[in-house]
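Chemist: Quick one, my_file-v2.cif (mmCIF, C-alpha atoms):
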data_target
#
loop_
_atom_site.label_atom_id
_atom_site.label_comp_id
_atom_site.auth_asym_id
_atom_site.auth_seq_id
_atom_site.Cartn_x
_atom_site.Cartn_y
_atom_site.Cartn_z
CA MET J 1253 -31.23 8.02 2.91
CA HIS J 1254 -28.56 9.13 5.39
CA LYS J 1255 -28.70 8.08 9.04
CA SER J 1256 -28.26 10.99 11.44
CA TYR J 1257 -26.79 11.12 14.93
CA ASP J 1258 -26.55 13.46 17.89
CA ILE J 1259 -22.82 12.69 18.28
CA ILE J 1260 -20.29 10.69 16.27
CA TYR J 1261 -16.91 9.65 17.66
CA SER J 1262 -13.82 8.00 16.25
CA ILE J 1263 -12.46 5.05 18.19
CA GLY J 1264 -9.44 4.73 15.88
CA ARG J 1265 -7.32 3.05 14.62
CA ASP J 1266 -5.51 6.31 13.89
CA CYS J 1267 -6.12 9.88 12.80
CA ALA J 1268 -7.54 8.76 9.42
CA THR J 1269 -10.95 8.22 11.01
CA ALA J 1270 -11.09 11.78 12.38
CA MET J 1271 -9.83 13.08 9.02
CA TYR J 1272 -12.67 11.35 7.16
CA MET J 1273 -15.15 12.60 9.74
CA ASN J 1274 -13.92 16.17 9.21
CA LYS J 1275 -14.18 15.74 5.45
CA CYS J 1276 -17.77 14.50 5.75
CA LYS J 1277 -18.75 17.08 8.41
CA MET J 1278 -19.39 14.37 10.99
CA ARG J 1279 -17.05 15.65 13.70
CA ILE J 1280 -18.25 18.35 16.06
CA THR J 1281 -15.68 17.91 18.83
CA SER J 1282 -12.50 16.02 19.69
CA GLY J 1283 -12.61 12.58 21.24
CA PRO J 1284 -9.94 10.79 23.27
CA PHE J 1285 -8.98 8.46 20.40
CA ASP J 1286 -8.88 10.92 17.47
CA TRP J 1287 -5.13 11.35 17.09
CA LEU J 1288 -3.82 8.16 18.73
CA THR J 1289 -2.68 5.08 16.85
CA ASN J 1290 -1.59 1.45 17.14
CA ALA J 1291 -3.75 0.12 20.01
CA SER J 1292 -6.30 -2.54 19.12
CA PHE J 1293 -10.08 -2.33 18.91
CA GLU J 1294 -10.28 -4.51 22.02
CA THR J 1295 -8.04 -2.14 24.00
CA ARG J 1296 -10.07 0.91 23.10
CA MET J 1297 -13.42 -0.66 23.84
CA ASN J 1298 -12.18 -1.96 27.19
CA LEU J 1299 -10.99 1.54 28.07
CA ILE J 1300 -14.51 2.83 27.41
CA LEU J 1301 -15.91 0.05 29.59
CA THR J 1302 -13.58 1.00 32.48
CA ASP J 1303 -14.03 4.79 32.14
CA PHE J 1304 -10.45 4.99 30.82
CA ALA J 1305 -8.77 3.54 33.90
CA ASP J 1306 -4.94 3.79 33.64
CA PHE J 1307 -5.29 5.47 30.25
CA LEU J 1308 -2.35 7.84 30.70
CA ASN J 1309 0.09 7.12 33.52
CA ILE J 1310 3.46 8.84 33.20
CA ASP J 1311 5.29 5.66 34.25
CA ASP J 1312 3.82 3.93 31.17
CA ILE J 1313 5.04 6.59 28.70
CA LYS J 1314 8.30 5.77 26.90
CA PHE J 1315 10.16 7.59 24.13
CA LEU J 1316 9.44 6.15 20.67
CA PRO J 1317 12.04 6.56 17.89
CA LYS J 1318 10.61 7.74 14.58
CA ASP J 1319 10.38 5.35 11.65
CA PRO J 1320 12.38 6.87 8.76
CA ASN J 1321 10.30 4.89 6.25
CA VAL J 1322 7.11 6.84 6.93
CA LEU J 1323 6.13 10.51 6.93
CA ASN J 1324 6.77 11.97 10.39
CA ASP J 1325 5.55 15.03 12.29
CA ASP J 1326 8.66 17.15 12.91
CA LYS J 1327 6.80 19.37 15.40
CA CYS J 1328 6.33 16.54 17.90
CA ASP J 1329 8.37 13.89 19.64
CA TYR J 1330 6.86 10.41 19.61
CA TYR J 1331 6.01 8.36 22.67
CA GLU J 1332 4.56 4.92 23.33
CA ASN J 1333 2.25 3.83 26.14
CA ILE J 1334 3.64 0.43 27.14
CA ARG J 1335 0.50 -0.45 29.13
CA ASN J 1336 -2.10 -0.10 26.39
CA GLY J 1337 -0.04 0.11 23.21
CA PHE J 1338 -0.97 3.63 22.11
CA TYR J 1339 1.46 5.68 20.05
CA TYR J 1340 1.36 9.44 20.62
CA TYR J 1341 2.39 11.20 17.42
CA HIS J 1342 0.73 14.59 17.88
CA ASP J 1343 0.78 15.42 21.59
CA PHE J 1344 4.32 16.01 22.88
CA PRO J 1345 6.17 19.08 21.49
CA ALA J 1346 9.53 18.29 19.90
CA GLY J 1347 12.52 18.83 22.15
CA LYS J 1348 10.45 19.37 25.29
CA ASN J 1349 11.10 17.24 28.36
CA LEU J 1350 8.40 14.64 29.08
CA LEU J 1351 7.95 15.92 32.64
CA GLU J 1352 7.29 19.40 31.26
CA SER J 1353 4.86 18.22 28.58
CA MET J 1354 2.92 15.70 30.63
CA PRO J 1355 0.67 18.08 32.64
CA ASP J 1356 -0.71 19.75 29.50
CA VAL J 1357 -1.18 16.42 27.69
CA THR J 1358 -2.90 14.89 30.73
CA GLU J 1359 -5.22 17.88 31.13
CA LYS J 1360 -6.18 17.74 27.46
CA TYR J 1361 -7.04 14.05 27.53
CA ASN J 1362 -8.86 14.31 30.87
CA ARG J 1363 -11.03 17.03 29.35
CA ARG J 1364 -11.76 14.98 26.22
CA ILE J 1365 -12.49 11.83 28.22
CA ALA J 1366 -14.90 13.65 30.54
CA ARG J 1367 -16.76 15.15 27.58
CA PHE J 1368 -16.85 11.77 25.79
CA ILE J 1369 -18.32 9.97 28.81
CA ASN J 1370 -20.82 12.78 29.38
CA ASN J 1371 -21.98 12.67 25.75
CA MET J 1372 -22.21 8.89 25.80
CA HIS J 1373 -24.60 9.18 28.74
CA LYS J 1374 -26.61 12.19 27.54
CA LYS J 1375 -26.93 11.79 23.77
CA SER J 1376 -29.65 9.57 22.35
CA ARG J 1377 -28.34 8.70 18.87
CA ILE J 1378 -24.62 7.78 18.95
CA LEU J 1379 -22.31 6.35 16.29
CA LEU J 1380 -18.78 5.05 17.01
CA ILE J 1381 -16.45 4.44 14.04
CA TRP J 1382 -13.41 2.18 13.79
CA PHE J 1383 -11.28 2.22 10.60
CA SER J 1384 -8.08 0.19 10.50
CA GLN J 1385 -5.67 -0.63 7.70
CA VAL J 1386 -3.84 -3.00 10.08
CA HIS J 1387 -6.19 -4.96 12.33
CA ASN J 1388 -8.57 -7.80 11.54
CA THR J 1389 -10.81 -8.12 14.58
CA PRO J 1390 -12.87 -11.33 14.93
CA ASN J 1391 -16.58 -10.72 14.44
CA ASP J 1392 -17.54 -12.37 17.71
CA VAL J 1393 -15.16 -10.07 19.60
CA ILE J 1394 -16.65 -7.02 17.89
CA VAL J 1395 -20.21 -8.04 18.73
CA ASP J 1396 -19.40 -8.86 22.36
CA LEU J 1397 -17.60 -5.58 23.03
CA CYS J 1398 -20.17 -3.45 21.18
CA ASN J 1399 -22.97 -5.07 23.17
CA ARG J 1400 -21.11 -4.43 26.42
CA VAL J 1401 -20.56 -0.76 25.59
CA SER J 1402 -24.24 -0.34 24.69
CA ALA J 1403 -25.22 -2.03 27.97
CA LYS J 1404 -22.86 0.20 29.96
CA PHE J 1405 -24.63 3.34 28.76
CA GLY J 1406 -28.12 1.83 28.79
CA LYS J 1407 -28.91 2.43 25.12
CA THR J 1408 -28.34 0.97 21.68
CA ILE J 1409 -25.20 2.53 20.24
CA ASP J 1410 -24.43 2.15 16.54
CA PHE J 1411 -21.02 1.03 15.29
CA MET J 1412 -19.34 1.15 11.88
CA ILE J 1413 -16.27 -1.08 11.60
CA ILE J 1414 -14.00 -0.81 8.53
CA GLU J 1415 -10.98 -3.09 8.26
CA HIS J 1416 -8.47 -3.72 5.51
CA MET J 1417 -8.55 -7.07 3.77
CA GLU J 1418 -5.66 -7.79 1.42
CA ASN J 1419 -6.69 -8.22 -2.24
CA GLN J 1420 -10.37 -7.59 -1.44
CA ARG J 1421 -11.10 -5.15 -4.26
CA SER J 1422 -14.84 -4.79 -3.68
CA VAL J 1423 -16.49 -3.67 -0.47
CA VAL J 1424 -17.88 -6.57 1.57
CA ARG J 1425 -20.56 -5.53 4.04
CA THR J 1426 -21.53 -7.73 6.97
CA ASP J 1427 -24.35 -6.76 9.31
CA LEU J 1428 -23.13 -8.27 12.57
CA ALA J 1429 -26.22 -6.96 14.37
CA PRO J 1430 -28.91 -4.33 13.66
CA ASN J 1431 -26.60 -1.70 15.21
CA ILE J 1432 -23.21 -3.08 14.04
CA VAL J 1433 -22.08 -2.96 10.41
CA LYS J 1434 -18.66 -4.18 9.32
CA TYR J 1435 -16.94 -3.44 6.01
CA ASN J 1436 -13.93 -5.33 4.67
CA VAL J 1437 -12.09 -3.86 1.70
CA HIS J 1438 -8.58 -3.43 0.36
CA ALA J 1439 -7.97 0.00 1.90
CA LYS J 1440 -4.20 0.49 1.71
CA THR J 1441 -2.53 2.87 -0.72
CA PHE J 1442 1.07 4.11 -0.94
CA ASP J 1443 2.69 7.41 -1.86
CA ASP J 1444 5.37 7.92 -4.54
CA LEU J 1445 8.08 6.86 -2.08
CA GLY J 1446 6.30 3.63 -1.22
CA ARG J 1447 5.10 4.81 2.19
CA PRO J 1448 1.58 3.86 3.31
CA THR J 1449 -0.79 6.81 3.18
CA THR J 1450 -2.71 7.78 6.29
CA GLU J 1451 -6.18 7.81 4.73
CA GLY J 1452 -5.73 4.83 2.44
CA ASP J 1453 -8.03 4.47 -0.56
CA THR J 1454 -10.17 7.59 -0.25
CA ALA J 1455 -12.34 6.69 -3.26
CA VAL J 1456 -13.49 3.56 -1.44
CA ILE J 1457 -13.55 4.76 2.17
CA THR J 1458 -15.14 8.22 1.79
CA PRO J 1459 -18.56 6.89 0.62
CA LEU J 1460 -18.72 4.63 3.68
CA PHE J 1461 -18.38 7.63 5.98
CA ALA J 1462 -20.70 9.75 3.84
CA GLN J 1463 -23.64 7.48 4.67
CA PHE J 1464 -24.02 9.28 8.00
CA ARG J 1465 -24.92 12.78 9.12
CA LEU J 1466 -24.45 14.74 12.32
CA ARG J 1467 -27.43 16.65 13.71
CA THR J 1468 -25.54 19.82 14.60
CA THR J 1469 -26.70 22.35 17.18
CA LEU J 1470 -27.64 25.91 16.34
CA ARG J 1471 -24.65 27.14 18.38
CA HIS J 1472 -22.25 25.02 16.33
CA LYS J 1473 -23.78 26.23 13.05
CA ILE J 1474 -23.42 29.87 14.13
CA ILE J 1475 -19.77 29.39 15.19
CA MET J 1476 -18.86 27.66 11.93
CA PHE J 1477 -20.65 30.39 9.94
CA LEU J 1478 -18.74 33.12 11.78
CA ILE J 1479 -15.44 31.32 11.17
CA LYS J 1480 -16.21 31.31 7.44
CA LEU J 1481 -16.46 35.11 7.53
CA ILE J 1482 -12.81 35.47 8.59
CA PRO J 1483 -11.00 36.69 5.46
CA PHE J 1484 -7.64 34.97 6.05
CA HIS J 1485 -7.40 31.25 5.28
CA ASP J 1486 -4.64 30.47 7.80
CA MET J 1487 -6.51 32.24 10.58
CA ARG J 1488 -9.75 30.43 9.69
CA HIS J 1489 -7.90 27.11 9.82
CA ARG J 1490 -6.28 27.86 13.19
CA ILE J 1491 -9.53 28.97 14.81
CA ARG J 1492 -11.51 26.06 13.38
CA THR J 1493 -8.86 23.59 14.53
CA SER J 1494 -8.74 25.14 18.01
CA TYR J 1495 -12.53 25.02 18.31
CA MET J 1496 -12.79 21.39 17.17
CA ASN J 1497 -9.88 20.17 19.31
CA LYS J 1498 -10.92 21.63 22.66
#
Take the structure in this file and express it as structure tokens.
Modeler:
Amino acid sequence: MHKSYDIIYSIGRDCATAMYMNKCKMRITSGPFDWLTNASFETRMNLILTDFADFLNIDDIKFLPKDPNVLNDDKCDYYENIRNGFYYYHDFPAGKNLLESMPDVTEKYNRRIARFINNMHKKSRILLIWFSQVHNTPNDVIVDLCNRVSAKFGKTIDFMIIEHMENQRSVVRTDLAPNIVKYNVHAKTFDDLGRPTTEGDTAVITPLFAQFRLRTTLRHKIIMFLIKLIPFHDMRHRIRTSYMNK
């Protein structure tokens, strides 16, 4: 039996979580962490606890050279937030001055943060998902931060934590609390050029996401139905992406 939620958000570690959520129809709107990478679980949870204080200050944003050993997004320049460790791979248009880009990027994240905080207060059944092929967060840290986030919003929030464990070929589930489940598994995979793939081992990770369902609103169902009626695939994709990423 699938567990269902009023809202489900990615808390990272990168865009793979949002990609799995899209694949499993768990993502109804963009969250502040969907397309960011690198920062730790602790950093993200503490940002939630502080209502995202100092999340995006222009003085903290520094140019980040691209790694030639991985697949890069040619449409965007990369930047690093030296305060909280976030890498921005999908926000700053290539060749555009930071001072020109920053107002639009700031407005976008302010909008997503405000909606996230509002939903965290208003929604009853909430699931937050963390999937990392890099981090190994101590269980006691996970439990402490999850409890503090639940306490902040005055309700029990559910958490699914998935973290890579080298050479762990079977999925190991640990119920850290009634509302916190952690999975350890060997998640990493590599493409033909030896570069790590974004989603990792989809055969293993997809079923973990597929355990959950989103209770979608009638408005959302109507919009998605109307998008399906558009005859051109590229146009459908653009409109769907624009709607989800508002």
Chemist: What gap, in Å, lies between atom CA of Phe1304 of chain J and atom CA of Ile1365 of chain J?
Modeler: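 Result for atom CA of Phe1304 of chain J versus atom CA of Ile1365 of chain J: 7.6 Å, one decimal.
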Chemist: Name the residues captured by the PyMOL selection byres ((chain J and resi 1432-1435) around 7) when it is applied to the shown file; answer as a list in words.
Modeler: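 Given this file, the PyMOL selection byres ((chain J and resi 1432-1435) around 7) evaluates to Asp1410, Phe1411, Met1412, Ile1413, Ile1414, Glu1415, Val1423, Val1424, Arg1425, Thr1426, Asp1427, Leu1428, Ala1429, Pro1430, Asn1431, Asn1436 and Val1437 of chain J.
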Chemist: Counting only C-alpha atoms, which residues of segment 1337-1405 of chain J fall within 6 Å of segment 1283-1290 of chain J, and what is the closest atom pair for each with its distance in Å at one decimal, ordered by chain and rising number, as a tab-separated table?
Modeler:
residue	atom	partner	partner_atom	distance
J:Phe1338	CA	J:Asn1290	CA	5.5
J:Tyr1339	CA	J:Thr1289	CA	5.3
J:Tyr1340	CA	J:Leu1288	CA	5.7
J:Arg1364	CA	J:Pro1284	CA	5.4
J:Ile1365	CA	J:Pro1284	CA	5.7
Chemist: Show me, as a list in words, the residues that have an atom within 8 Å of segment 1367-1384 of chain J when counting all atoms listed in the file, minus same-chain residues fewer than 6 positions from it.
Modeler: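 Once the adjacent positions are removed, what remains is Ser1256, Tyr1257, Asp1258, Ile1259, Ile1260, Tyr1261, Ser1262, Ile1263, Gly1264, Arg1265, Asp1266, Ala1268, Thr1269, Gly1283, Pro1284, Phe1293, Asp1303, Phe1405, Lys1407, Ile1409, Asp1410, Phe1411, Met1412, Ile1413, Ile1414, Glu1415 and His1416 of chain J.
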Chemist: I'd like the interatomic distance between atom CA of Asp1453 of chain J and atom CA of Lys1440 of chain J, to a tenth of an Å.
Modeler: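 Atom-to-atom, atom CA of Asp1453 of chain J and atom CA of Lys1440 of chain J are spaced 6.0 Å apart.
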Chemist: In Å, rounded to a single decimal, give me how far atom CA of Ile1280 of chain J is from atom CA of Lys1255 of chain J.
Modeler: 16.2 Å
Chemist: Could you give me, as a count of residues only, the residues within 10 Å of Phe1461 of chain J, counting only C-alpha atoms and dropping anything in the same chain fewer than 3 positions from it?
Modeler: 15
Chemist: For a cutoff of 10 Å around the file-coordinate point (-1.2, 11.0, 33.0), which residues qualify once you count all atoms listed in the file? I'd like the result as a compact mmCIF listing (two decimals) with C-alpha atoms, in the coordinates of the input.
Modeler:
# COMPACT_ATOMS: atom_id res chain seq x y z
CA ASP J 1306 -4.94 3.79 33.64
CA PHE J 1307 -5.29 5.47 30.25
CA LEU J 1308 -2.35 7.84 30.70
CA ASN J 1309 0.09 7.12 33.52
CA ILE J 1310 3.46 8.84 33.20
CA ASP J 1311 5.29 5.66 34.25
CA ASP J 1312 3.82 3.93 31.17
CA ILE J 1313 5.04 6.59 28.70
CA MET J 1354 2.92 15.70 30.63
CA PRO J 1355 0.67 18.08 32.64
CA ASP J 1356 -0.71 19.75 29.50
CA VAL J 1357 -1.18 16.42 27.69
CA THR J 1358 -2.90 14.89 30.73
CA GLU J 1359 -5.22 17.88 31.13
CA TYR J 1361 -7.04 14.05 27.53
CA ASN J 1362 -8.86 14.31 30.87
Chemist: Do you know which residues the PyMOL selection byres ((chain J and resi 1330) around 8) returns on this file, as a ChimeraX atom specification?
Modeler: /J:1315-1318,1328-1329,1331-1332,1339-1342,1344
Chemist: For segment 1284-1299 of chain J, I'd like the enclosing box, axis-aligned and padded by 6 Å on every side, reported as AutoDock Vina command-line options with centre and edge lengths in Å to one decimal.
Modeler:
--center_x -7.5 --center_y 3.4 --center_z 22.5 --size_x 23.8 --size_y 27.9 --size_z 23.2
Chemist: Give me, as a list in words, all polymer residues having an atom no more than 10 Å from Asp1443 of chain J, counting all atoms listed in the file and skipping those fewer than 3 positions away in the same chain.
Modeler: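 So, after excluding close chain neighbours, the residues are Val1322, Leu1323, Gly1446, Arg1447, Pro1448, Thr1449, Thr1450 and Gly1452 of chain J.
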Chemist: Pull out every residue that the PyMOL selection byres ((chain J and resi 1389) around 9) matches in the shown coordinates and put them as a ChimeraX atom specification.
Modeler: /J:1292-1294,1387-1388,1390-1394,1415
